[in-house]
>>> print(open('model_0.pdb').read())   # PDB, C-alpha atoms
ATOM      1  CA  MET A   1      -4.390  49.248  34.594
ATOM      2  CA  ILE A   2      -4.237  51.637  37.507
ATOM      3  CA  ASP A   3      -0.931  53.009  38.776
ATOM      4  CA  LEU A   4      -0.144  51.578  42.191
ATOM      5  CA  THR A   5       3.279  53.174  42.483
ATOM      6  CA  GLY A   6       4.072  56.289  44.467
ATOM      7  CA  ASP A   7       2.770  57.054  47.940
ATOM      8  CA  PHE A   8      -0.919  57.167  46.996
ATOM      9  CA  GLY A   9      -0.725  54.080  44.776
ATOM     10  CA  LYS A  10       0.997  52.081  47.506
ATOM     11  CA  ARG A  11      -1.715  53.065  50.007
ATOM     12  CA  VAL A  12      -4.362  51.947  47.509
ATOM     13  CA  ALA A  13      -2.553  48.647  46.914
ATOM     14  CA  ARG A  14      -2.370  48.043  50.667
ATOM     15  CA  ARG A  15      -6.090  48.743  51.085
ATOM     16  CA  LEU A  16      -6.966  46.485  48.153
ATOM     17  CA  GLN A  17      -5.016  43.753  49.901
ATOM     18  CA  ASP A  18      -6.141  44.356  53.489
ATOM     19  CA  GLU A  19      -9.691  45.770  53.502
ATOM     20  CA  GLN A  20     -12.674  43.460  54.016
ATOM     21  CA  ILE A  21     -15.335  45.691  52.446
ATOM     22  CA  ILE A  22     -15.384  47.795  49.299
ATOM     23  CA  TRP A  23     -18.339  49.808  48.040
ATOM     24  CA  LEU A  24     -19.560  48.831  44.563
ATOM     25  CA  THR A  25     -21.621  51.486  42.793
ATOM     26  CA  THR A  26     -23.637  50.464  39.749
ATOM     27  CA  THR A  27     -26.156  52.465  37.741
ATOM     28  CA  GLY A  28     -29.825  51.594  38.222
ATOM     29  CA  GLY A  29     -32.418  51.486  35.473
ATOM     30  CA  ASP A  30     -33.489  55.021  36.366
ATOM     31  CA  GLY A  31     -29.911  56.280  35.961
ATOM     32  CA  ALA A  32     -29.366  56.727  39.706
ATOM     33  CA  PRO A  33     -26.187  55.462  41.341
ATOM     34  CA  GLN A  34     -26.720  52.376  43.480
ATOM     35  CA  PRO A  35     -23.903  51.884  46.032
ATOM     36  CA  ARG A  36     -23.629  48.767  48.167
ATOM     37  CA  PRO A  37     -20.922  47.271  50.388
ATOM     38  CA  VAL A  38     -19.495  43.968  49.125
ATOM     39  CA  TRP A  39     -16.808  41.430  49.908
ATOM     40  CA  PHE A  40     -14.040  41.379  47.306
ATOM     41  CA  PHE A  41     -10.711  39.854  46.344
ATOM     42  CA  TRP A  42      -7.955  41.783  44.545
ATOM     43  CA  ASN A  43      -5.587  39.568  42.524
ATOM     44  CA  GLY A  44      -3.277  42.394  41.490
ATOM     45  CA  GLU A  45      -5.168  43.130  38.256
ATOM     46  CA  THR A  46      -8.898  42.715  38.825
ATOM     47  CA  VAL A  47     -11.431  42.741  41.650
ATOM     48  CA  LEU A  48     -13.561  39.633  42.191
ATOM     49  CA  ILE A  49     -17.013  40.008  43.777
ATOM     50  CA  TYR A  50     -19.599  37.269  44.257
ATOM     51  CA  SER A  51     -23.335  37.921  44.138
ATOM     52  CA  ARG A  52     -26.652  36.176  44.234
ATOM     53  CA  PRO A  53     -27.702  35.730  40.608
ATOM     54  CA  ASN A  54     -30.959  37.707  40.967
ATOM     55  CA  ALA A  55     -29.387  40.717  42.719
ATOM     56  CA  ALA A  56     -29.998  44.204  41.361
ATOM     57  CA  LYS A  57     -26.254  44.788  40.894
ATOM     58  CA  VAL A  58     -26.120  41.882  38.427
ATOM     59  CA  ARG A  59     -28.992  43.341  36.392
ATOM     60  CA  HIS A  60     -27.398  46.804  36.513
ATOM     61  CA  ILE A  61     -24.041  45.513  35.262
ATOM     62  CA  GLY A  62     -25.808  43.623  32.475
ATOM     63  CA  LYS A  63     -27.137  46.947  31.184
ATOM     64  CA  HIS A  64     -24.273  49.304  32.129
ATOM     65  CA  ALA A  65     -20.830  47.839  32.780
ATOM     66  CA  GLN A  66     -19.232  51.034  34.104
ATOM     67  CA  VAL A  67     -18.907  50.889  37.891
ATOM     68  CA  ALA A  68     -17.128  52.618  40.745
ATOM     69  CA  LEU A  69     -15.439  51.039  43.732
ATOM     70  CA  ASN A  70     -14.520  52.947  46.868
ATOM     71  CA  PHE A  71     -13.388  52.406  50.430
ATOM     72  CA  ASN A  72     -14.713  54.137  53.520
ATOM     73  CA  SER A  73     -12.842  57.313  54.365
ATOM     74  CA  THR A  74     -11.310  58.135  57.711
ATOM     75  CA  PRO A  75     -13.716  59.721  60.232
ATOM     76  CA  THR A  76     -12.459  63.166  59.163
ATOM     77  CA  GLY A  77     -12.880  62.505  55.419
ATOM     78  CA  GLY A  78      -9.305  61.545  54.567
ATOM     79  CA  ASP A  79      -7.822  58.541  52.757
ATOM     80  CA  ILE A  80     -10.253  58.758  49.847
ATOM     81  CA  VAL A  81      -9.957  56.013  47.213
ATOM     82  CA  VAL A  82     -12.254  55.795  44.186
ATOM     83  CA  ILE A  83     -11.613  53.252  41.443
ATOM     84  CA  LEU A  84     -13.528  53.527  38.173
ATOM     85  CA  GLY A  85     -13.728  50.475  35.965
ATOM     86  CA  GLU A  86     -15.710  48.037  33.923
ATOM     87  CA  ALA A  87     -17.542  45.070  35.425
ATOM     88  CA  ASP A  88     -18.163  41.769  33.698
ATOM     89  CA  ILE A  89     -20.319  38.852  34.750
ATOM     90  CA  VAL A  90     -18.066  35.857  34.157
ATOM     91  CA  ASP A  91     -18.716  32.133  33.938
ATOM     92  CA  ALA A  92     -15.331  30.986  35.201
ATOM     93  CA  VAL A  93     -12.905  32.287  37.818
ATOM     94  CA  SER A  94      -9.412  30.905  38.319
ATOM     95  CA  GLU A  95      -9.112  28.336  41.103
ATOM     96  CA  ALA A  96      -6.392  30.472  42.684
ATOM     97  CA  ASP A  97      -8.739  33.477  42.919
ATOM     98  CA  VAL A  98     -11.640  31.392  44.254
ATOM     99  CA  SER A  99      -9.389  29.809  46.882
ATOM    100  CA  ALA A 100      -7.917  33.157  47.939
ATOM    101  CA  TYR A 101     -11.417  34.678  48.200
ATOM    102  CA  LEU A 102     -12.595  31.790  50.392
ATOM    103  CA  VAL A 103      -9.544  32.071  52.654
ATOM    104  CA  LYS A 104     -10.018  35.837  53.002
ATOM    105  CA  TYR A 105     -13.675  35.443  54.019
ATOM    106  CA  ALA A 106     -13.548  32.124  55.907
ATOM    107  CA  GLU A 107     -14.591  33.787  59.169
ATOM    108  CA  GLY A 108     -17.310  35.873  57.493
ATOM    109  CA  ILE A 109     -18.713  32.852  55.660
ATOM    110  CA  ALA A 110     -18.896  30.890  58.903
ATOM    111  CA  SER A 111     -20.508  33.857  60.679
ATOM    112  CA  ILE A 112     -23.493  33.717  58.306
ATOM    113  CA  ASN A 113     -23.805  29.951  58.865
ATOM    114  CA  LEU A 114     -22.556  28.936  55.433
ATOM    115  CA  THR A 115     -19.779  26.646  54.281
ATOM    116  CA  PRO A 116     -17.491  27.672  51.421
ATOM    117  CA  ASP A 117     -19.444  25.363  49.082
ATOM    118  CA  SER A 118     -22.857  26.644  50.165
ATOM    119  CA  MET A 119     -21.639  30.255  49.890
ATOM    120  CA  LEU A 120     -20.452  29.652  46.321
ATOM    121  CA  GLU A 121     -23.780  28.011  45.491
ATOM    122  CA  MET A 122     -25.864  30.846  46.961
ATOM    123  CA  TYR A 123     -23.575  33.624  45.656
ATOM    124  CA  ARG A 124     -22.755  31.888  42.393
ATOM    125  CA  THR A 125     -22.574  34.910  40.105
ATOM    126  CA  ALA A 126     -19.004  36.104  39.719
ATOM    127  CA  ILE A 127     -18.415  39.762  38.918
ATOM    128  CA  VAL A 128     -14.950  40.804  37.805
ATOM    129  CA  VAL A 129     -14.105  44.511  37.798
ATOM    130  CA  THR A 130     -11.190  45.705  35.700
ATOM    131  CA  PRO A 131      -9.956  49.036  37.097
ATOM    132  CA  ALA A 132      -9.366  51.812  34.569
ATOM    133  CA  LYS A 133      -8.931  55.001  36.614
ATOM    134  CA  LEU A 134      -7.930  55.816  40.143
ATOM    135  CA  ARG A 135      -8.544  58.981  42.112
ATOM    136  CA  GLY A 136      -8.372  60.090  45.690
ATOM    137  CA  GLN A 137      -6.073  61.594  48.253
TER     138      GLN A 137
END
>>> encode(input="model_0.pdb", output="structure tokens")
Amino acid sequence: MIDLTGDFGKRVARRLQDEQIIWLTTTGGDGAPQPRPVWFFWNGETVLIYSRPNAAKVRHIGKHAQVALNFNSTPTGGDIVVILGEADIVDAVSEADVSAYLVKYAEGIASINLTPDSMLEMYRTAIVVTPAKLRGQ
């Protein structure tokens, strides 16, 4: 579990709650980091990300579960947040987490001409990241 107390921890908790995009970095087959922006939902303990089943990130996690998550910095390089953790491809996600994810991204889902059901069918692979370490400023 990461420490979300103190000034920095509270800022991280706020960003986990409020941000729309987080960067997920996996490790490719050649050992190179592979960052990509993703939608996510923070339930207070883990980060939920949905993916297409054939996406590279799913293959990467299947071979190397260690990942990094980070937010964009300010334009001058401040407000750095990096979360290191372990990702799992899971078969089941709690209904509460699925519902909260769909509420958070209702506008985004509609903007790509999908319904919640069609989004969950297309992006049916659930990735759950359990944070282990937190760093930043």
>>> closest_residue(input="model_0.pdb", among="A:Thr25, A:Arg59, A:Pro33, A:Phe41", to="Lys104 (chain A)", atoms="only C-alpha atoms")
A:Phe41
>>> residues_around(input="model_0.pdb", residues="Tyr123 (chain A)", least_positions_apart="3", cutoff="7 Å", atoms="all atoms listed in the file", output="PyMOL selection string")
chain A and resi 50-53+119-120
>>> resolve_selection(input="model_0.pdb", expression="the PyMOL selection byres ((chain A and resi 18) around 12)", output="VMD selection string")
chain A and resid 11 to 17 19 to 22 39 to 43 71 104 to 105
>>> write_last_selection(input="model_0.pdb", atoms="C-alpha atoms", output="mmCIF file, in the coordinates of the input")
data_model
loop_
_atom_site.group_PDB
_atom_site.id
_atom_site.type_symbol
_atom_site.label_atom_id
_atom_site.label_comp_id
_atom_site.auth_asym_id
_atom_site.auth_seq_id
_atom_site.Cartn_x
_atom_site.Cartn_y
_atom_site.Cartn_z
ATOM 1 C CA ARG A 11 -1.715 53.065 50.007
ATOM 2 C CA VAL A 12 -4.362 51.947 47.509
ATOM 3 C CA ALA A 13 -2.553 48.647 46.914
ATOM 4 C CA ARG A 14 -2.370 48.043 50.667
ATOM 5 C CA ARG A 15 -6.090 48.743 51.085
ATOM 6 C CA LEU A 16 -6.966 46.485 48.153
ATOM 7 C CA GLN A 17 -5.016 43.753 49.901
ATOM 8 C CA GLU A 19 -9.691 45.770 53.502
ATOM 9 C CA GLN A 20 -12.674 43.460 54.016
ATOM 10 C CA ILE A 21 -15.335 45.691 52.446
ATOM 11 C CA ILE A 22 -15.384 47.795 49.299
ATOM 12 C CA TRP A 39 -16.808 41.430 49.908
ATOM 13 C CA PHE A 40 -14.040 41.379 47.306
ATOM 14 C CA PHE A 41 -10.711 39.854 46.344
ATOM 15 C CA TRP A 42 -7.955 41.783 44.545
ATOM 16 C CA ASN A 43 -5.587 39.568 42.524
ATOM 17 C CA PHE A 71 -13.388 52.406 50.430
ATOM 18 C CA LYS A 104 -10.018 35.837 53.002
ATOM 19 C CA TYR A 105 -13.675 35.443 54.019
#
>>> atom_distance(input="model_0.pdb", atom1="CA of Trp23 (chain A)", atom2="CA of Asn72 (chain A)")
7.9 Å
>>> resolve_selection(input="model_0.pdb", expression="the PyMOL selection byres ((chain A and resi 129-136) around 6)", output="ChimeraX atom specification")
/A:1-2,46-47,80-87,128,137
>>> atom_distance(input="model_0.pdb", atom1="CA of Ser111 (chain A)", atom2="CA of Ala55 (chain A)")
21.2 Å
>>> atom_distance(input="model_0.pdb", atom1="CA of His64 (chain A)", atom2="CA of Thr27 (chain A)")
6.7 Å
>>> closest_residue(input="model_0.pdb", among="A:Gly44, A:Pro37, A:Gly6, A:Gly78", to="Asp97 (chain A)", atoms="all atoms listed in the file")
A:Gly44
>>> resolve_selection(input="model_0.pdb", expression="the PyMOL selection byres ((chain A and resi 92) around 12)", output="list in words")
Leu48, Tyr50, Asp88, Ile89, Val90, Asp91, Val93, Ser94, Glu95, Ala96, Asp97, Val98, Arg124, Thr125, Ala126, Ile127 and Val128 of chain A
>>> build_atoms(input="model_0.pdb", residues="region 71-107 of chain A", atoms="N, CA and C atoms", output="JSON list (two decimals), in the frame of the given file")
[["chain", "number", "residue", "atom", "x", "y", "z"],
["A", 71, "PHE", "N", -13.52, 52.81, 49.04],
["A", 71, "PHE", "CA", -13.39, 52.41, 50.43],
["A", 71, "PHE", "C", -13.98, 53.49, 51.31],
["A", 72, "ASN", "N", -14.32, 53.13, 52.54],
["A", 72, "ASN", "CA", -14.71, 54.14, 53.52],
["A", 72, "ASN", "C", -13.55, 55.10, 53.73],
["A", 73, "SER", "N", -13.87, 56.32, 54.04],
["A", 73, "SER", "CA", -12.84, 57.31, 54.36],
["A", 73, "SER", "C", -12.53, 57.22, 55.85],
["A", 74, "THR", "N", -11.55, 58.00, 56.28],
["A", 74, "THR", "CA", -11.31, 58.14, 57.71],
["A", 74, "THR", "C", -12.48, 58.93, 58.30],
["A", 75, "PRO", "N", -12.62, 58.95, 59.62],
["A", 75, "PRO", "CA", -13.72, 59.72, 60.23],
["A", 75, "PRO", "C", -13.70, 61.20, 59.87],
["A", 76, "THR", "N", -12.54, 61.75, 59.52],
["A", 76, "THR", "CA", -12.46, 63.17, 59.16],
["A", 76, "THR", "C", -12.48, 63.40, 57.66],
["A", 77, "GLY", "N", -12.76, 62.34, 56.87],
["A", 77, "GLY", "CA", -12.88, 62.50, 55.42],
["A", 77, "GLY", "C", -11.59, 62.32, 54.64],
["A", 78, "GLY", "N", -10.57, 61.79, 55.26],
["A", 78, "GLY", "CA", -9.30, 61.54, 54.57],
["A", 78, "GLY", "C", -9.23, 60.14, 54.00],
["A", 79, "ASP", "N", -8.13, 59.85, 53.34],
["A", 79, "ASP", "CA", -7.82, 58.54, 52.76],
["A", 79, "ASP", "C", -8.90, 58.11, 51.76],
["A", 80, "ILE", "N", -9.24, 59.01, 50.87],
["A", 80, "ILE", "CA", -10.25, 58.76, 49.85],
["A", 80, "ILE", "C", -9.65, 57.92, 48.72],
["A", 81, "VAL", "N", -10.35, 56.85, 48.34],
["A", 81, "VAL", "CA", -9.96, 56.01, 47.21],
["A", 81, "VAL", "C", -11.21, 55.73, 46.40],
["A", 82, "VAL", "N", -11.18, 56.11, 45.12],
["A", 82, "VAL", "CA", -12.25, 55.80, 44.19],
["A", 82, "VAL", "C", -11.61, 55.14, 42.97],
["A", 83, "ILE", "N", -12.10, 53.99, 42.60],
["A", 83, "ILE", "CA", -11.61, 53.25, 41.44],
["A", 83, "ILE", "C", -12.76, 53.15, 40.45],
["A", 84, "LEU", "N", -12.54, 53.64, 39.24],
["A", 84, "LEU", "CA", -13.53, 53.53, 38.17],
["A", 84, "LEU", "C", -13.11, 52.38, 37.27],
["A", 85, "GLY", "N", -14.08, 51.61, 36.81],
["A", 85, "GLY", "CA", -13.73, 50.48, 35.97],
["A", 85, "GLY", "C", -14.92, 49.89, 35.26],
["A", 86, "GLU", "N", -14.67, 48.75, 34.65],
["A", 86, "GLU", "CA", -15.71, 48.04, 33.92],
["A", 86, "GLU", "C", -15.92, 46.68, 34.57],
["A", 87, "ALA", "N", -17.18, 46.34, 34.79],
["A", 87, "ALA", "CA", -17.54, 45.07, 35.42],
["A", 87, "ALA", "C", -18.05, 44.10, 34.37],
["A", 88, "ASP", "N", -17.68, 42.85, 34.56],
["A", 88, "ASP", "CA", -18.16, 41.77, 33.70],
["A", 88, "ASP", "C", -18.71, 40.66, 34.57],
["A", 89, "ILE", "N", -19.81, 40.07, 34.13],
["A", 89, "ILE", "CA", -20.32, 38.85, 34.75],
["A", 89, "ILE", "C", -19.60, 37.72, 34.03],
["A", 90, "VAL", "N", -18.89, 36.90, 34.79],
["A", 90, "VAL", "CA", -18.07, 35.86, 34.16],
["A", 90, "VAL", "C", -18.56, 34.47, 34.56],
["A", 91, "ASP", "N", -18.32, 33.51, 33.68],
["A", 91, "ASP", "CA", -18.72, 32.13, 33.94],
["A", 91, "ASP", "C", -17.67, 31.36, 34.72],
["A", 92, "ALA", "N", -16.41, 31.74, 34.56],
["A", 92, "ALA", "CA", -15.33, 30.99, 35.20],
["A", 92, "ALA", "C", -14.35, 31.94, 35.87],
["A", 93, "VAL", "N", -13.90, 31.54, 37.05],
["A", 93, "VAL", "CA", -12.90, 32.29, 37.82],
["A", 93, "VAL", "C", -11.76, 31.31, 38.10],
["A", 94, "SER", "N", -10.54, 31.80, 38.07],
["A", 94, "SER", "CA", -9.41, 30.90, 38.32],
["A", 94, "SER", "C", -9.53, 30.27, 39.70],
["A", 95, "GLU", "N", -9.08, 29.03, 39.82],
["A", 95, "GLU", "CA", -9.11, 28.34, 41.10],
["A", 95, "GLU", "C", -8.32, 29.09, 42.16],
["A", 96, "ALA", "N", -7.22, 29.71, 41.74],
["A", 96, "ALA", "CA", -6.39, 30.47, 42.68],
["A", 96, "ALA", "C", -7.19, 31.63, 43.28],
["A", 97, "ASP", "N", -7.94, 32.35, 42.43],
["A", 97, "ASP", "CA", -8.74, 33.48, 42.92],
["A", 97, "ASP", "C", -9.89, 33.01, 43.81],
["A", 98, "VAL", "N", -10.55, 31.93, 43.43],
["A", 98, "VAL", "CA", -11.64, 31.39, 44.25],
["A", 98, "VAL", "C", -11.09, 30.99, 45.62],
["A", 99, "SER", "N", -9.99, 30.26, 45.62],
["A", 99, "SER", "CA", -9.39, 29.81, 46.88],
["A", 99, "SER", "C", -8.99, 30.98, 47.76],
["A", 100, "ALA", "N", -8.35, 31.99, 47.17],
["A", 100, "ALA", "CA", -7.92, 33.16, 47.94],
["A", 100, "ALA", "C", -9.13, 33.91, 48.51],
["A", 101, "TYR", "N", -10.18, 34.04, 47.73],
["A", 101, "TYR", "CA", -11.42, 34.68, 48.20],
["A", 101, "TYR", "C", -11.97, 33.92, 49.41],
["A", 102, "LEU", "N", -12.04, 32.60, 49.30],
["A", 102, "LEU", "CA", -12.60, 31.79, 50.39],
["A", 102, "LEU", "C", -11.73, 31.85, 51.65],
["A", 103, "VAL", "N", -10.43, 31.92, 51.50],
["A", 103, "VAL", "CA", -9.54, 32.07, 52.65],
["A", 103, "VAL", "C", -9.77, 33.43, 53.30],
["A", 104, "LYS", "N", -9.83, 34.48, 52.48],
["A", 104, "LYS", "CA", -10.02, 35.84, 53.00],
["A", 104, "LYS", "C", -11.30, 35.94, 53.83],
["A", 105, "TYR", "N", -12.37, 35.29, 53.37],
["A", 105, "TYR", "CA", -13.68, 35.44, 54.02],
["A", 105, "TYR", "C", -14.12, 34.21, 54.80],
["A", 106, "ALA", "N", -13.19, 33.34, 55.17],
["A", 106, "ALA", "CA", -13.55, 32.12, 55.91],
["A", 106, "ALA", "C", -14.35, 32.45, 57.16],
["A", 107, "GLU", "N", -13.89, 33.42, 57.94],
["A", 107, "GLU", "CA", -14.59, 33.79, 59.17],
["A", 107, "GLU", "C", -15.96, 34.39, 58.86]]
